[in-house]
Structures are given as C-alpha cells and as structure tokens.
file work26.txt (compact mmCIF, C-alpha atoms)
# COMPACT_ATOMS: atom_id res chain seq x y z
CA MET A 28 23.42 15.76 -4.31
CA GLN A 29 20.19 15.38 -2.39
CA GLY A 30 18.27 17.37 0.20
CA VAL A 31 14.82 17.40 1.77
CA GLU A 32 12.92 20.53 2.76
CA LYS A 33 9.43 20.77 4.20
CA LYS A 34 7.17 23.81 4.35
CA ILE A 35 3.58 24.07 5.52
CA ILE A 36 1.70 26.37 3.15
CA ASN A 37 -2.06 26.94 3.30
CA ASN A 38 -2.12 24.34 6.11
CA VAL A 39 -0.77 21.68 3.72
CA PRO A 40 2.69 20.11 4.22
CA ILE A 41 4.75 20.37 1.01
CA VAL A 42 7.96 18.34 0.87
CA LYS A 43 10.64 19.08 -1.74
CA ILE A 44 13.10 16.24 -2.33
CA TYR A 45 15.94 17.71 -4.37
CA THR A 46 17.94 15.23 -6.41
CA GLU A 47 20.00 15.51 -9.59
CA LYS A 48 19.66 11.80 -10.43
CA PHE A 49 16.61 12.09 -12.66
CA LYS A 50 15.50 13.97 -15.75
CA THR A 51 11.90 13.76 -14.62
CA VAL A 52 9.98 15.32 -11.74
CA VAL A 53 7.33 13.43 -9.77
CA VAL A 54 4.59 15.09 -7.72
CA SER A 55 2.43 12.95 -5.43
CA ILE A 56 -0.57 14.19 -3.48
CA TYR A 57 -1.79 12.06 -0.58
CA PHE A 58 -5.21 12.18 1.12
CA ARG A 59 -5.40 10.17 4.35
CA THR A 60 -8.48 9.32 6.40
CA PRO A 61 -9.61 6.51 8.74
CA LEU A 62 -10.52 3.31 6.90
CA THR A 63 -14.22 2.44 6.50
CA GLU A 64 -15.90 -0.01 4.12
CA GLN A 65 -18.13 2.62 2.50
CA GLY A 66 -15.27 5.12 2.32
CA ALA A 67 -12.77 2.69 0.80
CA THR A 68 -15.12 1.67 -2.01
CA THR A 69 -16.27 5.22 -2.77
CA ARG A 70 -12.74 6.61 -2.75
CA SER A 71 -11.53 3.75 -4.95
CA LEU A 72 -14.12 4.71 -7.58
CA LEU A 73 -13.41 8.42 -7.10
CA SER A 74 -9.67 7.91 -7.63
CA ARG A 75 -10.35 6.24 -10.99
CA MET A 76 -12.72 8.97 -12.13
CA MET A 77 -10.38 11.83 -11.21
CA VAL A 78 -7.64 10.81 -13.64
CA LYS A 79 -9.90 9.97 -16.60
CA ARG A 80 -11.24 13.44 -17.38
CA THR A 81 -11.31 16.95 -15.92
CA SER A 82 -13.22 20.20 -16.35
CA GLU A 83 -10.57 21.55 -18.72
CA HIS A 84 -10.14 18.23 -20.54
CA PRO A 85 -13.69 16.80 -20.61
CA THR A 86 -12.86 13.47 -22.26
CA ASN A 87 -10.20 10.90 -21.60
CA ALA A 88 -8.88 11.37 -25.14
CA LYS A 89 -8.44 15.11 -24.62
CA LEU A 90 -6.70 14.55 -21.28
CA LEU A 91 -4.33 12.00 -22.82
CA GLU A 92 -3.66 14.38 -25.70
CA TYR A 93 -2.73 17.13 -23.24
CA LEU A 94 -0.38 14.78 -21.38
CA ALA A 95 1.21 13.72 -24.68
CA GLU A 96 1.78 17.38 -25.60
CA HIS A 97 3.69 17.70 -22.34
CA TYR A 98 6.27 15.14 -23.40
CA GLY A 99 4.28 12.13 -22.25
CA ALA A 100 3.53 13.24 -18.69
CA HIS A 101 2.12 10.26 -16.81
CA LEU A 102 -0.90 10.78 -14.52
CA THR A 103 -1.95 7.98 -12.14
CA SER A 104 -3.98 7.37 -9.01
CA ASN A 105 -4.29 4.54 -6.52
CA VAL A 106 -5.66 3.66 -3.10
CA ILE A 107 -3.95 1.71 -0.32
CA LYS A 108 -4.34 0.79 3.35
CA LYS A 109 -1.71 2.08 5.74
CA GLY A 110 -1.89 1.63 9.49
CA SER A 111 -5.57 2.09 10.31
CA ASP A 112 -6.03 4.56 7.44
CA HIS A 113 -7.12 4.65 3.82
CA LEU A 114 -4.89 6.60 1.42
CA LEU A 115 -5.87 8.05 -1.94
CA LYS A 116 -2.85 9.15 -3.96
CA VAL A 117 -2.69 11.14 -7.20
CA SER A 118 0.73 11.26 -8.91
CA ILE A 119 2.18 12.76 -12.06
CA GLU A 120 5.61 12.27 -13.59
CA PHE A 121 6.85 14.74 -16.20
CA VAL A 122 10.06 15.81 -17.92
CA ASN A 123 11.97 18.53 -16.11
CA ASP A 124 11.80 21.62 -18.34
CA LYS A 125 15.54 22.09 -17.75
CA PHE A 126 16.00 19.22 -20.22
CA ILE A 127 13.72 20.39 -23.03
CA LEU A 128 14.51 22.98 -25.70
CA GLU A 129 10.94 24.22 -26.13
CA ASP A 130 9.94 27.31 -24.15
CA MET A 131 7.35 25.78 -21.82
CA ASP A 132 6.32 26.46 -18.25
CA MET A 133 6.14 22.75 -17.53
CA LEU A 134 5.83 23.16 -13.75
CA GLY A 135 3.10 25.78 -14.10
CA ASP A 136 1.15 23.67 -16.59
CA ILE A 137 1.44 20.51 -14.50
CA THR A 138 0.39 22.15 -11.23
CA ALA A 139 -2.57 23.76 -13.00
CA LEU A 140 -3.52 20.31 -14.29
CA LEU A 141 -3.25 18.82 -10.81
CA LYS A 142 -5.57 21.49 -9.44
CA ASP A 143 -7.98 20.72 -12.28
CA VAL A 144 -7.80 17.01 -11.42
CA LEU A 145 -8.49 17.66 -7.74
CA TYR A 146 -11.31 20.14 -8.25
CA SER A 147 -13.21 18.65 -11.20
CA PRO A 148 -15.42 16.32 -9.08
CA PHE A 149 -16.95 19.43 -7.50
CA SER A 150 -18.60 20.15 -10.86
CA TYR A 151 -19.97 16.65 -11.52
CA SER A 152 -23.63 16.90 -12.56
CA GLU A 153 -26.36 14.72 -14.04
CA GLU A 154 -24.53 15.01 -17.35
CA ASP A 155 -21.70 12.98 -15.82
CA GLN A 156 -23.98 10.03 -14.98
CA ALA A 157 -22.88 8.02 -18.02
CA PHE A 158 -19.21 8.60 -17.10
CA PHE A 159 -19.95 7.49 -13.53
CA ASP A 160 -21.82 4.38 -14.72
CA ARG A 161 -18.95 3.37 -17.01
CA GLU A 162 -16.27 3.77 -14.33
CA LYS A 163 -18.44 1.93 -11.82
CA ARG A 164 -18.83 -0.93 -14.28
CA LEU A 165 -15.08 -1.03 -14.99
CA LEU A 166 -14.26 -1.12 -11.26
CA LYS A 167 -16.81 -3.89 -10.75
CA ASN A 168 -15.17 -5.85 -13.57
CA ARG A 169 -11.77 -5.39 -11.92
CA LEU A 170 -13.05 -6.52 -8.52
CA THR A 171 -14.74 -9.50 -10.15
CA SER A 172 -11.56 -10.49 -11.99
CA MET A 173 -9.69 -10.34 -8.69
CA LYS A 174 -12.23 -12.76 -7.23
CA ASP A 175 -11.54 -15.05 -10.18
CA ASN A 176 -7.88 -15.13 -9.13
CA TYR A 177 -7.96 -18.00 -6.64
CA ALA A 178 -4.89 -16.85 -4.72
CA GLN A 179 -6.41 -13.39 -4.29
CA ARG A 180 -9.78 -14.88 -3.34
CA ALA A 181 -8.15 -17.09 -0.73
CA PHE A 182 -6.25 -14.17 0.80
CA GLU A 183 -9.41 -12.05 0.97
CA SER A 184 -11.21 -14.96 2.64
CA LEU A 185 -8.36 -15.29 5.14
CA LEU A 186 -8.78 -11.62 6.06
CA GLU A 187 -12.57 -11.97 6.35
CA THR A 188 -12.17 -14.97 8.66
CA MET A 189 -9.32 -13.61 10.75
CA PHE A 190 -10.74 -10.09 11.12
CA ASP A 191 -14.42 -10.95 11.15
CA ASP A 192 -15.53 -7.97 13.26
CA GLU A 193 -12.42 -5.78 12.84
CA PRO A 194 -11.93 -2.97 10.29
CA TYR A 195 -8.74 -4.58 8.96
CA ARG A 196 -10.84 -7.01 6.89
CA ILE A 197 -11.82 -4.04 4.65
CA LEU A 198 -9.96 -4.03 1.33
CA SER A 199 -8.40 -0.79 0.10
CA PHE A 200 -9.92 -1.04 -3.37
CA GLY A 201 -13.47 -1.69 -2.20
CA ASP A 202 -16.27 -4.21 -2.04
CA ILE A 203 -18.56 -5.21 -4.92
CA GLU A 204 -21.74 -5.18 -2.83
CA VAL A 205 -20.99 -1.68 -1.54
CA LEU A 206 -20.01 -0.56 -5.05
CA GLU A 207 -23.34 -1.67 -6.53
CA GLN A 208 -25.20 0.66 -4.17
CA LEU A 209 -23.06 3.76 -4.87
CA THR A 210 -24.49 6.81 -6.60
CA LEU A 211 -22.85 9.80 -8.21
CA ASP A 212 -23.95 11.85 -5.19
CA ASP A 213 -22.02 9.43 -2.94
CA VAL A 214 -18.86 10.07 -4.96
CA LYS A 215 -19.37 13.84 -4.86
CA ALA A 216 -19.89 13.74 -1.08
CA ALA A 217 -16.76 11.62 -0.59
CA HIS A 218 -14.77 14.04 -2.75
CA ALA A 219 -15.99 17.11 -0.85
CA ASP A 220 -15.15 15.45 2.46
CA MET A 221 -11.71 14.43 1.19
CA MET A 222 -10.85 17.95 0.04
CA ALA A 223 -12.04 19.58 3.26
CA ASN A 224 -11.22 17.09 6.00
CA ASN A 225 -8.46 14.68 4.96
CA ASP A 226 -4.87 14.84 6.16
CA MET A 227 -3.31 16.07 2.91
CA SER A 228 0.37 16.12 1.92
CA ILE A 229 2.17 17.06 -1.30
CA LEU A 230 5.61 15.67 -2.13
CA VAL A 231 7.81 16.46 -5.12
CA ALA A 232 11.06 14.78 -6.16
CA GLY A 233 13.49 15.94 -8.83
CA LYS A 234 15.94 18.66 -9.79
CA VAL A 235 13.67 21.49 -8.66
CA ASP A 236 14.27 24.82 -6.95
CA ASP A 237 12.25 26.69 -4.33
CA LYS A 238 9.76 28.06 -6.85
CA VAL A 239 8.18 24.61 -6.72
CA PHE A 240 6.73 25.55 -3.32
CA ASP A 241 4.91 28.55 -4.81
CA ALA A 242 3.61 26.45 -7.70
CA LEU A 243 2.33 23.60 -5.51
CA ALA A 244 0.83 26.03 -3.00
CA ASN A 245 -1.77 26.82 -5.67
CA VAL A 246 -3.00 23.24 -5.87
CA HIS A 247 -5.20 23.35 -2.74
CA GLN A 248 -5.55 25.08 0.57
CA LEU A 249 -7.17 23.98 3.82
CA GLU A 250 -9.00 26.30 6.17
CA GLU A 251 -7.18 24.74 9.12
CA PRO A 252 -4.57 22.01 9.67
CA LYS A 253 -5.97 18.49 9.29
CA LEU A 254 -2.99 16.52 10.55
CA TYR A 255 -3.93 13.68 12.87
CA PRO A 256 -1.99 10.83 14.49
CA TYR A 257 -0.82 7.95 12.35
CA LYS A 258 -1.47 4.71 14.18
CA GLY A 259 -2.18 1.04 13.75
CA TYR A 260 -4.91 -1.08 15.30
CA PRO A 261 -4.68 -2.13 18.96
CA ILE A 262 -2.59 -5.23 19.63
CA GLN A 263 -5.02 -8.08 20.18
CA ALA A 264 -4.09 -11.59 21.32
CA PRO A 265 -5.87 -14.39 19.40
CA GLY A 266 -8.12 -16.94 21.07
CA ASP A 267 -8.40 -20.49 19.80
CA VAL A 268 -7.11 -20.94 16.28
CA LYS A 269 -9.89 -20.42 13.72
CA TYR A 270 -10.10 -22.97 10.90
CA LYS A 271 -12.15 -22.51 7.74
CA THR A 272 -12.15 -24.45 4.49
CA THR A 273 -14.11 -23.82 1.31
CA GLU A 274 -14.09 -25.73 -1.95
CA SER A 275 -13.77 -24.69 -5.56
CA ARG A 276 -13.01 -26.28 -8.91
CA ILE A 277 -9.25 -25.95 -8.62
CA GLU A 278 -6.45 -28.46 -8.86
CA GLN A 279 -4.15 -26.73 -6.40
CA ALA A 280 -5.32 -25.80 -2.90
CA LYS A 281 -4.55 -22.36 -1.47
CA ALA A 282 -3.45 -22.74 2.14
CA ASN A 283 -3.12 -19.49 4.11
CA LEU A 284 -2.09 -18.92 7.71
CA GLY A 285 -2.63 -15.67 9.59
CA PHE A 286 -0.61 -14.75 12.70
CA ARG A 287 -0.84 -11.89 15.18
CA VAL A 288 2.35 -10.42 16.61
CA LEU A 289 2.05 -9.26 20.21
CA TYR A 290 4.38 -6.26 20.09
CA SER A 291 5.66 -5.17 23.50
CA GLU A 292 8.97 -3.36 22.81
CA PRO A 293 9.95 -0.54 20.40
CA GLY A 294 12.41 -2.78 18.55
CA ASP A 295 9.76 -5.41 17.75
CA VAL A 296 8.65 -3.66 14.57
CA MET A 297 12.02 -3.83 12.83
CA ALA A 298 12.66 -7.30 14.26
CA LEU A 299 9.45 -8.47 12.55
CA ASN A 300 10.64 -6.90 9.31
CA VAL A 301 13.86 -8.93 9.45
CA PHE A 302 12.06 -12.04 10.72
CA ASN A 303 9.75 -11.97 7.71
CA GLN A 304 12.66 -12.00 5.26
CA LEU A 305 14.25 -14.88 7.16
CA PHE A 306 11.00 -16.81 7.56
CA GLY A 307 9.34 -16.60 4.14
CA GLY A 308 9.78 -13.18 2.58
CA SER A 309 12.74 -14.00 0.32
CA ALA A 310 14.00 -16.72 -2.00
CA SER A 311 16.55 -17.78 0.61
CA SER A 312 14.00 -17.95 3.43
CA LEU A 313 13.26 -20.97 5.62
CA LEU A 314 9.81 -21.58 4.15
CA PHE A 315 11.02 -21.39 0.56
CA THR A 316 14.19 -23.43 1.13
CA ASN A 317 12.77 -26.14 3.38
CA ILE A 318 9.08 -26.47 2.55
CA ARG A 319 9.14 -25.73 -1.18
CA GLU A 320 12.61 -26.84 -2.27
CA LYS A 321 13.56 -29.66 0.13
CA MET A 322 10.16 -31.11 1.07
CA SER A 323 8.33 -30.19 -2.18
CA LEU A 324 5.24 -29.49 -0.11
CA ALA A 325 4.29 -26.26 -1.88
CA TYR A 326 4.16 -25.11 -5.48
CA SER A 327 4.51 -21.55 -4.25
CA ILE A 328 5.03 -20.09 -0.79
CA HIS A 329 5.86 -16.77 0.79
CA SER A 330 5.21 -14.75 3.90
CA GLN A 331 4.29 -11.08 4.12
CA VAL A 332 3.84 -8.68 7.01
CA ASP A 333 1.99 -5.55 7.99
CA ILE A 334 4.57 -4.20 10.39
CA LYS A 335 2.51 -1.21 11.56
CA ASN A 336 -0.28 -3.48 12.78
CA GLY A 337 1.74 -6.55 13.66
CA TYR A 338 0.25 -9.13 11.30
CA LEU A 339 2.07 -11.97 9.52
CA PHE A 340 0.57 -14.02 6.68
CA VAL A 341 1.88 -17.21 5.08
CA LEU A 342 0.37 -17.87 1.64
CA ALA A 343 0.95 -21.04 -0.37
CA GLY A 344 -0.28 -23.31 -3.13
CA VAL A 345 -0.29 -26.98 -2.08
CA ASP A 346 -1.75 -30.36 -3.03
CA ASN A 347 -5.18 -31.07 -1.55
CA ASP A 348 -3.80 -34.11 0.29
CA ASN A 349 -0.96 -32.15 1.92
CA ILE A 350 -2.84 -29.31 3.65
CA LYS A 351 -2.40 -30.54 7.23
CA VAL A 352 1.16 -31.68 6.54
CA PHE A 353 1.89 -28.21 5.17
CA GLU A 354 0.43 -26.46 8.23
CA ASP A 355 2.55 -28.60 10.56
CA ALA A 356 5.63 -27.88 8.44
CA VAL A 357 5.11 -24.10 8.75
CA LYS A 358 4.77 -24.48 12.53
CA ARG A 359 8.01 -26.46 12.63
CA GLU A 360 9.84 -23.68 10.79
CA LEU A 361 8.56 -21.18 13.36
CA ASP A 362 9.76 -23.53 16.11
CA ARG A 363 13.15 -23.63 14.39
CA VAL A 364 13.42 -19.86 14.77
CA LEU A 365 12.31 -20.10 18.40
CA ASP A 366 15.06 -22.66 18.99
CA GLY A 367 17.64 -20.40 17.36
CA ASP A 368 18.26 -22.97 14.64
CA PHE A 369 19.50 -20.46 12.05
CA ASP A 370 22.88 -18.93 11.39
CA GLU A 371 23.76 -15.43 12.57
CA ARG A 372 25.50 -14.90 9.23
CA PHE A 373 22.15 -15.51 7.54
CA VAL A 374 20.65 -12.66 9.59
CA GLU A 375 23.45 -10.32 8.54
CA GLU A 376 23.00 -11.32 4.89
CA ILE A 377 19.28 -10.55 5.11
CA LYS A 378 19.99 -7.17 6.67
CA ARG A 379 22.46 -6.34 3.88
CA ASN A 380 19.87 -7.30 1.28
CA MET A 381 17.21 -5.18 2.97
CA LEU A 382 19.57 -2.21 3.07
CA SER A 383 20.47 -2.72 -0.57
CA SER A 384 16.77 -2.86 -1.55
CA ARG A 385 16.11 0.35 0.33
CA LYS A 386 19.01 2.09 -1.43
CA GLU A 387 17.72 0.80 -4.76
CA SER A 388 14.26 2.24 -4.07
CA MET A 389 15.91 5.60 -3.39
CA ASP A 390 17.29 5.50 -6.93
CA LYS A 391 13.75 6.03 -8.23
CA PRO A 392 11.76 9.24 -7.75
CA ARG A 393 8.62 7.42 -6.63
CA GLY A 394 10.67 5.44 -4.13
CA LEU A 395 12.09 8.66 -2.71
CA ILE A 396 8.61 10.08 -2.36
CA SER A 397 7.32 6.95 -0.65
CA LEU A 398 10.19 6.93 1.86
CA ASN A 399 9.72 10.60 2.67
CA TYR A 400 5.96 10.23 3.03
CA ASN A 401 6.63 7.45 5.54
CA ARG A 402 8.84 9.90 7.42
CA LEU A 403 5.99 12.40 7.48
CA LEU A 404 3.72 9.75 8.95
CA ARG A 405 6.37 8.71 11.43
CA ASP A 406 6.48 12.28 12.73
CA GLN A 407 2.74 11.96 13.39
CA SER A 408 2.95 8.41 14.73
CA THR A 409 1.52 7.56 18.13
CA THR A 410 4.61 5.39 18.75
CA LYS A 411 7.65 7.59 18.26
CA GLU A 412 10.81 6.05 16.85
CA VAL A 413 14.06 7.23 18.37
CA LYS A 414 16.31 5.88 15.60
CA GLU A 415 16.36 6.14 11.83
CA TRP A 416 15.34 3.08 9.77
CA THR A 417 18.93 2.13 8.91
CA GLU A 418 20.04 2.36 12.54
CA GLN A 419 17.12 0.21 13.62
CA LEU A 420 17.91 -2.40 10.97
CA LYS A 421 21.60 -2.59 11.85
CA ALA A 422 20.73 -2.99 15.53
CA VAL A 423 18.61 -6.14 15.03
CA THR A 424 20.34 -9.26 16.37
CA LYS A 425 19.66 -12.98 16.28
CA ALA A 426 18.47 -12.74 19.88
CA ASP A 427 15.97 -10.01 18.88
CA ILE A 428 14.51 -12.27 16.19
CA ILE A 429 14.14 -15.19 18.61
CA ASN A 430 12.50 -12.87 21.13
CA LEU A 431 10.15 -11.56 18.46
CA ALA A 432 9.25 -15.11 17.39
CA THR A 433 7.93 -15.83 20.91
CA LYS A 434 5.31 -13.12 20.30
CA ILE A 435 3.98 -14.59 17.04
CA LYS A 436 0.70 -16.44 17.61
CA LEU A 437 -1.31 -18.36 15.02
CA ASP A 438 -4.79 -16.91 14.66
CA THR A 439 -6.39 -18.38 11.53
CA VAL A 440 -5.91 -21.15 8.98
CA TYR A 441 -7.94 -20.69 5.82
CA THR A 442 -7.89 -23.18 2.94
CA LEU A 443 -9.45 -22.96 -0.49
CA LYS A 444 -9.25 -26.56 -1.67
CA GLY A 445 -10.23 -28.49 -4.77
CA GLY A 446 -13.80 -29.75 -4.86
CA ASN A 447 -17.07 -29.58 -6.73
CA ASN A 448 -18.15 -26.10 -5.69
CA ASP A 449 -17.27 -22.91 -7.53
CA ASP A 450 -18.88 -19.98 -5.75

call {"tool": "encode", "arguments": {"input": "work26.txt", "output": "structure tokens"}}
result
Amino acid sequence: MQGVEKKIINNVPIVKIYTEKFKTVVVSIYFRTPLTEQGATTRSLLSRMMVKRTSEHPTNAKLLEYLAEHYGAHLTSNVIKKGSDHLLKVSIEFVNDKFILEDMDMLGDITALLKDVLYSPFSYSEEDQAFFDREKRLLKNRLTSMKDNYAQRAFESLLETMFDDEPYRILSFGDIEVLEQLTLDDVKAAHADMMANNDMSILVAGKVDDKVFDALANVHQLEEPKLYPYKGYPIQAPGDVKYKTTESRIEQAKANLGFRVLYSEPGDVMALNVFNQLFGGSASSLLFTNIREKMSLAYSIHSQVDIKNGYLFVLAGVDNDNIKVFEDAVKRELDRVLDGDFDERFVEEIKRNMLSSRKESMDKPRGLISLNYNRLLRDQSTTKEVKEWTEQLKAVTKADIINLATKIKLDTVYTLKGGNNDD
C-alpha cells in the first residue's frame, strides 16, 4: 500500500509518502536556489557544519550520542546541482516508533532535532571560530583529495574548458580558492539567506499518519511562498570543437568528450535518457562492448548525461598513444546510431532495464523521496511534461533515438595525458 499527499503549511510544501514497506522513516529537507560559485562553496561548508553540532547538542560527540539513543538515527547532509540550481539537502532516517517497545515520541524528538539543526547556525558566534576553521580545513582536504583523483580532475577540467564562461562549470561542492577566502560571517549570511529566501520542501517516507504534517510544520515557516520555476540552462549550439590537453605523471591518459544536445521536441529528454544507456551508460552499451571489449581501446569507459540541460559526457581511461584513435572510435559509434545500426530489441531491453531500476529505487525510502521531489520540481518546471515518466519511457522508439542522435554535437575534447608535469 502506498499513497502520496501534499500540503502547503507555513508556505512550505510538505509531502507525505505513505508506504508499509519499511520499518524506518526518512525525512528530507531541500533548499533550492540558483547556482553561483560563491554560493555553492559557502553552502557546501554550511551543510557540513549543520550536521556536526547544534545548539542543543554542542559537540559532535553529544549529537552522535543523542542519535544513538534514538535507535541509531542517521543524520546526513549533501549538496548537488540540479537544472540551473544548487540544492542543499538535510536528511534523517530513524526507526518508526510503531516498531519499538519503549515509550518514545520518536517523531516529536526527530522533528525537534531537525529544527535545532536548521536553526543552530543563527547562533554561531566568535566562540564557534575553531569549529568553523576545522570544518573549513576538512572540506579543503576533501576537495584536494578529489583533485588528486585523476579521473575526477580530468572531468572537472572538461567542465572548465567546455563551460568556460557559463555557470555550469561551477561544481556543487565548491572551489578551493573560494573556500580559502570564506569567513564565519559568510556562512552565517548564506544560512540566513537560505532560511528566508530559498525554495524549501519537506518530504517524508514511511508508515506515517497525518500527524506527521503537524510535526513537520514546526520545523520552519516562511513569511511568503518562495517557489520559483525549475529550469535548465538555455540550449546553446557549440562552435568549433575545443581541444585541450594537459600532462601529469600518470600511466593512463584520461580522455573526455563533451557534447551538447540541441533539444527541439518534448520527447527529446527521455530519448536522450535511453540513448545514453544504449551509447555508453550500461555494461551492454556500444561504447563498452565495441571500444573496450572488442577493440581494447579503453581500460574504462562510460557515458553520462544531464538530461535537464542536454549535456552528454564520455569519460575514459586510454593509452597515451591511442587518444586520437579513441576519439575517432567514439565518433564512429555515434555514427552507428545515426545510421540505425542497432537492434530494436536492444532498445526494448534497455527500456526494461531502466524501468526495473526505477522500480528498484522505489523499494528504498530515499529513492521514493528523490522521485517525489523530482515530481515537485516537474510541477514547477518551465517545460511542462504531459506524460508520466513510465509513459514517456515506453513511448521511445528506435526512430526517436536516431532523431535525437542528429541533435548531439561534439563541443569539447579534453585529455589528461601522461607526461612530466604534475600540477
């Protein structure tokens, strides 16, 4: 049994996803705002600080002890890019008190904790400077370690090259140079702005009744609705293909290709989703089967898409001597799709797998929340969808994929190859 109900209370949408599948309840709170470089970095640091200590639990040890007392409740936060926006999400998973013998108001305690988590940054003072400095250092260490991952570094460099003067180059988790300049006052200002001006949504999944609305209504209230359209970046045709190569002390080159998809029809978005699985997004894809397995041109290879914005990326590890051969091979696989050189049964198999993956994600509370948050955003989208996701998927044909492939244009080729430099 499952049902979804939405209420807007205190100008905040609250979505209850009732399901009897789980013994736990998950609450996720989303804050959405347009993506900026300063904002992404500050909010990334803020998200880490919010779940480490609160006003009521002034050390991380005390907060963890409180969570342990509540049957191991799990509090997390993260930041992501979505469309042209930056999302900060705070989530907590806890045992449904229907399944515990102890007389506890689990829902009341958890919602009080969430309010404490959300409001604590308002009280940050000079006494919190050491806490701020430690979290800033830890985030810097994380960003530095990501740079030390050559595949991650190559992908970031692809984005910087491809989106040189476009906001999409901004990473959701922040930039080290921006981070180094941040102060505690910057974090406090970002928090105050988030609480007052962000598009905020609260979603809960589990075996819960309507009293959950009253409990979650106490978490935060907005003076006025802050809902705003959910949209991607404008479709932009590429000019001449941009090529950039840098060197590092690595044995295996990282060869990345970035494509823009020139959407022109409503069905293009789902067609790209299916195309990606066929092209390089699965173990049975053309890139994996032909370039990695048959030609042995890549140690690793996959494609990924941002369907809201219409971007396709091919990421691979190759020998230094095979970079140009690899690029030509990827282009040939795209030509194969354009020529219709793939079986219609393969398309149907991919669609079945995609449908199965979606059903599998709905067997997890966090997956249910994610799907329903996407529905919330879809309702606010500047490009309205007339069909549900499953209907759109089932409607995609081989001809749709070929048509979509004609709109995929190579924009950038970035290579991190073996050499003497190690920036």

call {"tool": "atom_distance", "arguments": {"input": "work26.txt", "atom1": "atom CA of Ile127 of chain A", "atom2": "atom CA of Ser82 of chain A"}}
result
27.8 Å

call {"tool": "closest_atom_pairs", "arguments": {"input": "work26.txt", "of": "segment 54-158 of chain A", "to": "segment 330-354 of chain A", "cutoff": "12 Å", "atoms": "all atoms listed in the file", "output": "tab-separated table"}}
result
residue	atom	partner	partner_atom	distance
A:Lys108	CA	A:Asp333	CA	10.1
A:Lys109	CA	A:Lys335	CA	7.9
A:Gly110	CA	A:Lys335	CA	5.6
A:Ser111	CA	A:Asn336	CA	8.1
A:Asp112	CA	A:Lys335	CA	11.1

call {"tool": "closest_residue", "arguments": {"input": "work26.txt", "among": "A:Tyr441, A:Phe126, A:Tyr290, A:Trp416", "to": "Glu274 of chain A", "atoms": "all atoms listed in the file"}}
result
A:Tyr441

call {"tool": "closest_residue", "arguments": {"input": "work26.txt", "among": "A:Tyr93, A:Tyr195, A:Phe200, A:Phe286", "to": "Asn303 of chain A", "atoms": "all atoms listed in the file"}}
result
A:Phe286

call {"tool": "closest_residue", "arguments": {"input": "work26.txt", "among": "A:Glu187, A:Asp132, A:Asp267, A:Asp192", "to": "Ala242 of chain A", "atoms": "all atoms listed in the file"}}
result
A:Asp132

call {"tool": "atom_distance", "arguments": {"input": "work26.txt", "atom1": "atom CA of Leu209 of chain A", "atom2": "atom CA of Gln156 of chain A"}}
result
11.9 Å

call {"tool": "residues_around", "arguments": {"input": "work26.txt", "residues": "Ala264 of chain A", "least_positions_apart": "5", "cutoff": "12 Å", "atoms": "only C-alpha atoms", "output": "list in words"}}
result
Met189, Phe286, Arg287, Val288, Leu289, Tyr290, Ser291, Gly337, Tyr338, Lys434, Ile435, Lys436, Leu437 and Asp438 of chain A

call {"tool": "closest_residue", "arguments": {"input": "work26.txt", "among": "A:Met173, A:Asp226, A:Glu418, A:Glu207", "to": "Leu254 of chain A", "atoms": "all atoms listed in the file"}}
result
A:Asp226

call {"tool": "residues_around", "arguments": {"input": "work26.txt", "residues": "Asn245 of chain A", "least_positions_apart": "3", "cutoff": "9 Å", "atoms": "only C-alpha atoms", "output": "VMD selection string"}}
result
chain A and resid 37 138 to 139 142 240 to 242 248

call {"tool": "closest_residue", "arguments": {"input": "work26.txt", "among": "A:Ser150, A:Gln407, A:Gln263, A:Thr68", "to": "Leu170 of chain A", "atoms": "only C-alpha atoms"}}
result
A:Thr68

call {"tool": "residues_around", "arguments": {"input": "work26.txt", "residues": "Glu360 of chain A", "least_positions_apart": "2", "cutoff": "8 Å", "atoms": "all atoms listed in the file", "output": "PyMOL selection string"}}
result
chain A and resi 306+313-314+356-358+362-364

call {"tool": "axis_aligned_box", "arguments": {"input": "work26.txt", "around": "segment 43-57 of chain A", "padding_each_side": "4 Å", "output": "AutoDock Vina command-line options"}}
result
--center_x 9.1 --center_y 15.4 --center_z -8.2 --size_x 29.8 --size_y 15.3 --size_z 23.2

call {"tool": "decode", "arguments": {"input": "work26.txt", "residues": "segment 135-146 of chain A", "atoms": "N, CA, C and O atoms", "output": "mmCIF file, in the first residue's frame"}}
result
data_model
loop_
_atom_site.group_PDB
_atom_site.id
_atom_site.type_symbol
_atom_site.label_atom_id
_atom_site.label_comp_id
_atom_site.auth_asym_id
_atom_site.auth_seq_id
_atom_site.Cartn_x
_atom_site.Cartn_y
_atom_site.Cartn_z
ATOM 1 N N GLY A 135 8.279 13.298 17.382
ATOM 2 C CA GLY A 135 8.434 14.590 18.033
ATOM 3 C C GLY A 135 9.891 14.924 18.304
ATOM 4 O O GLY A 135 10.349 16.049 18.072
ATOM 5 N N ASP A 136 10.643 13.931 18.783
ATOM 6 C CA ASP A 136 12.068 14.146 19.072
ATOM 7 C C ASP A 136 12.853 14.450 17.797
ATOM 8 O O ASP A 136 13.723 15.326 17.778
ATOM 9 N N ILE A 137 12.553 13.716 16.741
ATOM 10 C CA ILE A 137 13.306 13.880 15.492
ATOM 11 C C ILE A 137 13.008 15.229 14.849
ATOM 12 O O ILE A 137 13.911 15.919 14.357
ATOM 13 N N THR A 138 11.735 15.626 14.834
ATOM 14 C CA THR A 138 11.412 16.922 14.229
ATOM 15 C C THR A 138 11.986 18.071 15.054
ATOM 16 O O THR A 138 12.408 19.086 14.490
ATOM 17 N N ALA A 139 12.033 17.909 16.373
ATOM 18 C CA ALA A 139 12.671 18.929 17.214
ATOM 19 C C ALA A 139 14.160 19.008 16.897
ATOM 20 O O ALA A 139 14.742 20.108 16.850
ATOM 21 N N LEU A 140 14.788 17.853 16.664
ATOM 22 C CA LEU A 140 16.200 17.832 16.300
ATOM 23 C C LEU A 140 16.426 18.519 14.954
ATOM 24 O O LEU A 140 17.371 19.300 14.792
ATOM 25 N N LEU A 141 15.545 18.239 13.990
ATOM 26 C CA LEU A 141 15.693 18.869 12.681
ATOM 27 C C LEU A 141 15.598 20.388 12.781
ATOM 28 O O LEU A 141 16.352 21.118 12.135
ATOM 29 N N LYS A 142 14.681 20.864 13.586
ATOM 30 C CA LYS A 142 14.562 22.318 13.777
ATOM 31 C C LYS A 142 15.836 22.863 14.406
ATOM 32 O O LYS A 142 16.346 23.918 14.002
ATOM 33 N N ASP A 143 16.383 22.136 15.360
ATOM 34 C CA ASP A 143 17.636 22.517 16.004
ATOM 35 C C ASP A 143 18.768 22.572 14.977
ATOM 36 O O ASP A 143 19.581 23.513 14.962
ATOM 37 N N VAL A 144 18.819 21.571 14.107
ATOM 38 C CA VAL A 144 19.836 21.527 13.048
ATOM 39 C C VAL A 144 19.717 22.748 12.137
ATOM 40 O O VAL A 144 20.711 23.405 11.806
ATOM 41 N N LEU A 145 18.488 23.061 11.740
ATOM 42 C CA LEU A 145 18.271 24.160 10.790
ATOM 43 C C LEU A 145 18.530 25.525 11.402
ATOM 44 O O LEU A 145 18.973 26.441 10.713
ATOM 45 N N TYR A 146 18.246 25.665 12.686
ATOM 46 C CA TYR A 146 18.322 26.986 13.308
ATOM 47 C C TYR A 146 19.655 27.274 13.988
ATOM 48 O O TYR A 146 19.982 28.447 14.226
#
